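Chemist: Have a look at the structure that comes next, please.
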Amino acid sequence: MSSVRIVCHLRPSGLLLPSLIFAGVVMVTAGRLRAQVGASSLGSSSATGTSLAATVVPSTVSGLVINAATGSPVPRALVRLNNRAVLTDHEGKFRFDQNTETNANILVSKPGFSASTESQEPGNLFLQAAQLGAPLELRLYPEALLTGTVLAPDGTPLPRISVTAQRSFYDDTGHRWMTAGQVQTDSHGNFRLPVSAGDYRLETRYSPLDRTSGEAVLPVMVPSEGTSSTSQTIRVHSGEEQHFDLRPAVSPAHFVTVTTQSSGGRDFTRITARSSNGSTLQVNPQMNGGTGETKIQLPQGTYTLTATRNNQENPEQAETTVTVPDHDISGVVFQFSPVPSIPVELIMDSSLTSDNTQPPTLPQLGLTLQSDQPDPERGDSTLRPVARKDQSFVFTASPGSYRLQGRNNGTWFIKSASYGDSDLLQQSLVVVPGAAGTPIRVTVSDQTGALQGTVSLNGSPSQCWIYLVPSGPSAQSVMSLRSNSSNGSYTSAHLPPGSYQVIAFERRHSVNYRDPESLNPFHSFVHSVTIAAGDKPTLNLDAVPVAEVAP
């Protein structure tokens with residue numbers, strides 16, 4: 001059980017922001033270029049692709065660094081232009097005189113800030129001479145804070161408990177969790193985790209304490225495990241602090257002695273225990289190879305124990321249920337059996353062009369199975385096919401529910417995928433104990449279309465991120481690309497035929513594009529397009545400015 005108390009406030013821009021720039025701080029780019037580059041600055045050569053070398057190189061490069069959450073200037077931020085660097089003044093302004101650069105890599109940083117709310121944003125702003133002549137506006141995002149206290153049910157603070165912030169992240173390959181921060185509680189049970197703006201969950205792990213006390217701290221997660229929506233997260237904005245009181249259950253722990261079948265010298269490496277309320281305990285087994293016995297510590301209650309032997313060629317798994325009373329127990333037996341191996345077959349569509357008969361390999365298609373059940377040790381459960389000695393590929397998937405993910409490769413795309421009677425582009429793959437032999441059949445085709453156009457930002461051609469969201473069944477929830485930095489043009493070749501929603505953002509934008517509501521805040525920027533095989537329609541886009549995306 002856990003109780004949550006949320007306190008939200010914007011921190012003053014000067015809080016916890018030392019004026020010195022310490023060595024080792026990652027230099028990343030802050031966000032928005034406000035300069036409007038018109039035809040007069042680019043010259044007529046931009047339309048013909050002529051080199052910009054004839055463009056006049058500005059002798060001065062100047063601009064302003066602002067706090068993206070408040071709009072206020074950021075003093076003493078470090079701005080780099082290629083190999084030169086300056087600090088902003090008390091008004092957040094910077095200036096490089098005697099500039100001779102025809103193009104520049106601009107980076108800005110300051111402790112307590114990040115250059116972007118997107119963890120995968122590279123952070124480099126590459127500008128050409130024509131763009132350097134106008135005043136620049138660079139954005140820094142103040143860090144958010146996840147703070148709280150870990151308390152026993154009676155209100156006693158729990159020190160030295162590890163608290164982890166896991167960030168929810170989406171890209172072209174689907175969804176995963178990434179560890180954004182980890183810290184131990186202090187002597188008063190308090191924790192403090194600085195993070196970038198985004199969607200998170202907080203979790204603690206199972207912590208058996210010393211044998212003298214015999215007490216164990218059970219894991220807790222916010223939002224809690226087993227909620228109806230797997231996408232439910234903590235949303236935290238730049239400059240915001242949210243406070244949580246975590247109240248894990250505390251209970252005496254007892255030894256459970258388990259025995260296993262012989263593994264030919266290989267013992268199992270992992271044991272997890274799932275309680276009746278759905279929480280997962282990652283236990284540390286104490287193995288005795290001479291007797292084949294293993295001891296684990298569990299609080300009183302009923303658990304489903306799962307043991308895994310990590311043999312890449314032939315992984316094995318065992319599962320049993322145990323009820324732990326108020327004392328140590330023994331006699332629990334693991335009966336191991338092979339983890340289901342599901343072969344993958346690659347099929348070429350019958351309507352191929354005559355000059356393209358070499359299909360992609362399975363690794364090139366980026367096939368994965370994404371489990372509905374998070375892995376407590378790895379953050380999530382993304383499975384990749386394993387190559388066998390005979391060059392075939394299989395998924396070794398424990399019983400559960402999975403979603404197949406893949407990506408286009410060159411001229412090829414995944415036209416269909418099936419497992420028995422299940423259409424894996426629309427349905428989950430359900431693996432049951434003992435499942436094996438039935439293959440996943442993946443059909444690829446090269447009958448594609450294309451899309452082209454130009455992206456404008458505030459009326460000027462610009463380099464932006466473009467997202468194409470399939471409206472129908474697809475192994476890929478979104479396809480992304482970037483427009484050209486010189487004229488804003490883009491071409492997405494080899495698109496699977498079908499209907500798409502298309503939107504452009506000034507900066508990278510990571511959301512669950514399978515959720516139709518994800519684009520609602522930007523509906524005026526969304527375009528719909530239908531692409532047939534062999535077609536190449538033109539679609540011009542206006543990008544969502546970074547200032548319109550709430551940090």
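Going through the structure tokens in order, the chains are called A, B, and so on, while each chain numbers its residues from 1 and the ligands are numbered from 1 in the order shown.
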Excluding stretch 78-86 of chain A and any residue of its chain fewer than 4 positions from it, enumerate the residues within 6 Å of it, using only C-alpha atoms, and give them as a list of chain:residue names.
Modeler: A:Ala104, A:Asn105, A:Ile106, A:Leu107, A:Val108, A:Ser109
Chemist: If we count only C-alpha atoms and set the cut-off at 9 Å, which residues sit around stretch 62-74 of chain A, ignoring sequence neighbours fewer than 6 positions away in its own chain? Please answer as a PyMOL selection string.
Modeler: chain A and resi 10+13-14+30-31+88-97+108+110+113+132-142+237-239+547+550-551
Chemist: For atom CA of A:Gly174 and atom CA of A:Asn484, quote the distance in Å rounded to one decimal.
Modeler: 25.3 Å
Chemist: Can you pull out the residues contacting A:Pro399? Cut-off 8 Å, using only C-alpha atoms, and skip same-chain residues under 6 positions away; I want them as an MDAnalysis selection string.
Modeler: chainID A and resid 340 430:433
Chemist: Quick one: of A:Thr443, A:Ser168, A:Thr321, A:Ser524, who's nearest to A:Val502, counting only C-alpha atoms?
Modeler: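 Nearest to A:Val502: A:Ser524.
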Chemist: Any idea what the distance is between atom CA of A:Ser187 and atom CA of A:Met221?
Modeler: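 One can read the atom CA of A:Ser187 to atom CA of A:Met221 distance as 21.1 Å.
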Chemist: Report, in Å with one decimal, the straight-line distance from atom CA of A:Pro338 to atom CA of A:Ser422.
Modeler: 23.5 Å
Chemist: If you run DSSP on this backbone, which residues of stretch 119-289 of chain A come out as alpha helix (DSSP H), and could you give them as a list in words?
Modeler: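 Alpha helix (DSSP H) members of stretch 119-289 of chain A, listed: Ala129, Ala130, Gln131 and Leu132 of chain A.
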Chemist: Kindly save the residues from that selection, with all heavy atoms included, as a PDB file, in the first residue's frame.
Modeler:
ATOM      1  N   ALA A 129      25.477  30.356 -42.202  1.00  0.00           N
ATOM      2  CA  ALA A 129      25.825  31.778 -42.068  1.00  0.00           C
ATOM      3  C   ALA A 129      24.597  32.673 -42.156  1.00  0.00           C
ATOM      4  O   ALA A 129      24.459  33.635 -41.389  1.00  0.00           O
ATOM      5  CB  ALA A 129      26.848  32.163 -43.136  1.00  0.00           C
ATOM      6  N   ALA A 130      23.673  32.364 -43.081  1.00  0.00           N
ATOM      7  CA  ALA A 130      22.490  33.205 -43.248  1.00  0.00           C
ATOM      8  C   ALA A 130      21.635  33.228 -41.992  1.00  0.00           C
ATOM      9  O   ALA A 130      20.950  34.208 -41.703  1.00  0.00           O
ATOM     10  CB  ALA A 130      21.674  32.715 -44.440  1.00  0.00           C
ATOM     11  N   GLN A 131      21.657  32.133 -41.216  1.00  0.00           N
ATOM     12  CA  GLN A 131      20.858  32.056 -39.995  1.00  0.00           C
ATOM     13  C   GLN A 131      21.563  32.689 -38.802  1.00  0.00           C
ATOM     14  O   GLN A 131      20.918  33.094 -37.833  1.00  0.00           O
ATOM     15  CB  GLN A 131      20.537  30.589 -39.686  1.00  0.00           C
ATOM     16  CG  GLN A 131      19.718  29.909 -40.777  1.00  0.00           C
ATOM     17  CD  GLN A 131      19.680  28.411 -40.595  1.00  0.00           C
ATOM     18  OE1 GLN A 131      20.715  27.748 -40.591  1.00  0.00           O
ATOM     19  NE2 GLN A 131      18.482  27.875 -40.442  1.00  0.00           N
ATOM     20  N   LEU A 132      22.885  32.778 -38.858  1.00  0.00           N
ATOM     21  CA  LEU A 132      23.642  33.329 -37.733  1.00  0.00           C
ATOM     22  C   LEU A 132      23.525  34.841 -37.638  1.00  0.00           C
ATOM     23  O   LEU A 132      23.841  35.426 -36.605  1.00  0.00           O
ATOM     24  CB  LEU A 132      25.122  32.940 -37.860  1.00  0.00           C
ATOM     25  CG  LEU A 132      25.452  31.451 -37.716  1.00  0.00           C
ATOM     26  CD1 LEU A 132      26.918  31.208 -38.068  1.00  0.00           C
ATOM     27  CD2 LEU A 132      25.145  30.969 -36.305  1.00  0.00           C
TER      28      LEU A 132
END
Chemist: Could you list, as a PyMOL selection string, every residue within 6 Å of stretch 201-208 of chain A, counting only C-alpha atoms and ignoring same-chain residues fewer than 4 positions away?
Modeler: chain A and resi 162-166+216-222+233-234+281
Chemist: Selection from above, C-alpha atoms, as a PDB file, in the first residue's frame, can you write it?
Modeler:
ATOM      1  CA  SER A 162      16.692   2.615  -2.976  1.00  0.00           C
ATOM      2  CA  VAL A 163      14.139   4.709  -4.911  1.00  0.00           C
ATOM      3  CA  THR A 164      14.198   4.662  -8.723  1.00  0.00           C
ATOM      4  CA  ALA A 165      12.535   6.990 -11.234  1.00  0.00           C
ATOM      5  CA  GLN A 166      11.683   5.126 -14.443  1.00  0.00           C
ATOM      6  CA  ALA A 216      11.812  -6.994   5.168  1.00  0.00           C
ATOM      7  CA  VAL A 217      10.551  -3.968   3.237  1.00  0.00           C
ATOM      8  CA  LEU A 218       8.182  -4.922   0.436  1.00  0.00           C
ATOM      9  CA  PRO A 219       8.326  -3.111  -2.918  1.00  0.00           C
ATOM     10  CA  VAL A 220       6.008  -0.239  -3.748  1.00  0.00           C
ATOM     11  CA  MET A 221       5.307   1.496  -7.065  1.00  0.00           C
ATOM     12  CA  VAL A 222       3.607   4.805  -7.910  1.00  0.00           C
ATOM     13  CA  THR A 233       2.276   7.613 -15.155  1.00  0.00           C
ATOM     14  CA  ILE A 234       3.346  10.598 -13.104  1.00  0.00           C
ATOM     15  CA  LEU A 281       9.757  -9.230  -5.451  1.00  0.00           C
TER      16      LEU A 281
END
Chemist: Please report as JSON lines every residue of stretch 121-159 of chain A lying within 12 Å of stretch 178-184 of chain A, along with the nearest atom pair and their distance in Å (one decimal), using only C-alpha atoms.
Modeler:
{"residue": "A:Ala144", "atom": "CA", "partner": "A:Ala180", "partner_atom": "CA", "distance": 11.8}
{"residue": "A:Leu145", "atom": "CA", "partner": "A:Gly181", "partner_atom": "CA", "distance": 10.8}
{"residue": "A:Leu146", "atom": "CA", "partner": "A:Gly181", "partner_atom": "CA", "distance": 9.9}
{"residue": "A:Thr147", "atom": "CA", "partner": "A:Val183", "partner_atom": "CA", "distance": 10.6}
{"residue": "A:Gly148", "atom": "CA", "partner": "A:Gln184", "partner_atom": "CA", "distance": 11.4}
{"residue": "A:Thr149", "atom": "CA", "partner": "A:Gln184", "partner_atom": "CA", "distance": 10.7}
{"residue": "A:Val150", "atom": "CA", "partner": "A:Gln184", "partner_atom": "CA", "distance": 10.1}
{"residue": "A:Leu158", "atom": "CA", "partner": "A:Gln184", "partner_atom": "CA", "distance": 10.1}
{"residue": "A:Pro159", "atom": "CA", "partner": "A:Gln184", "partner_atom": "CA", "distance": 7.5}
Chemist: Output as a ChimeraX atom specification all residues of stretch 291-330 of chain A that backbone DSSP marks as strand (DSSP E).
Modeler: /A:293-299,301-309,316-324,329-330
Chemist: Write out as a list in words the residues lying within 9 Å of A:Ala397, counting only C-alpha atoms and excluding same-chain residues fewer than 6 positions away.
Modeler: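 Selected residues are Val339, Pro340, Ser341, Ile342, Leu369, Leu383 and Val431 of chain A.
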Chemist: Given the choices A:Tyr490, A:Phe393, A:Phe191, A:Phe334, which gets closest to A:Leu362 if the distance is worked out from only C-alpha atoms?
Modeler: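 Checking each of A:Tyr490, A:Phe393, A:Phe191, A:Phe334 against A:Leu362, counting only C-alpha atoms, the winner is A:Phe393.
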Chemist: Go through A:Pro497, A:Pro285, A:Gly449, A:Gly437 and flag the residue nearest A:Gly420, using only C-alpha atoms for the distances.
Modeler: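 Of A:Pro497, A:Pro285, A:Gly449, A:Gly437, the one nearest A:Gly420, counting only C-alpha atoms, is A:Gly437.
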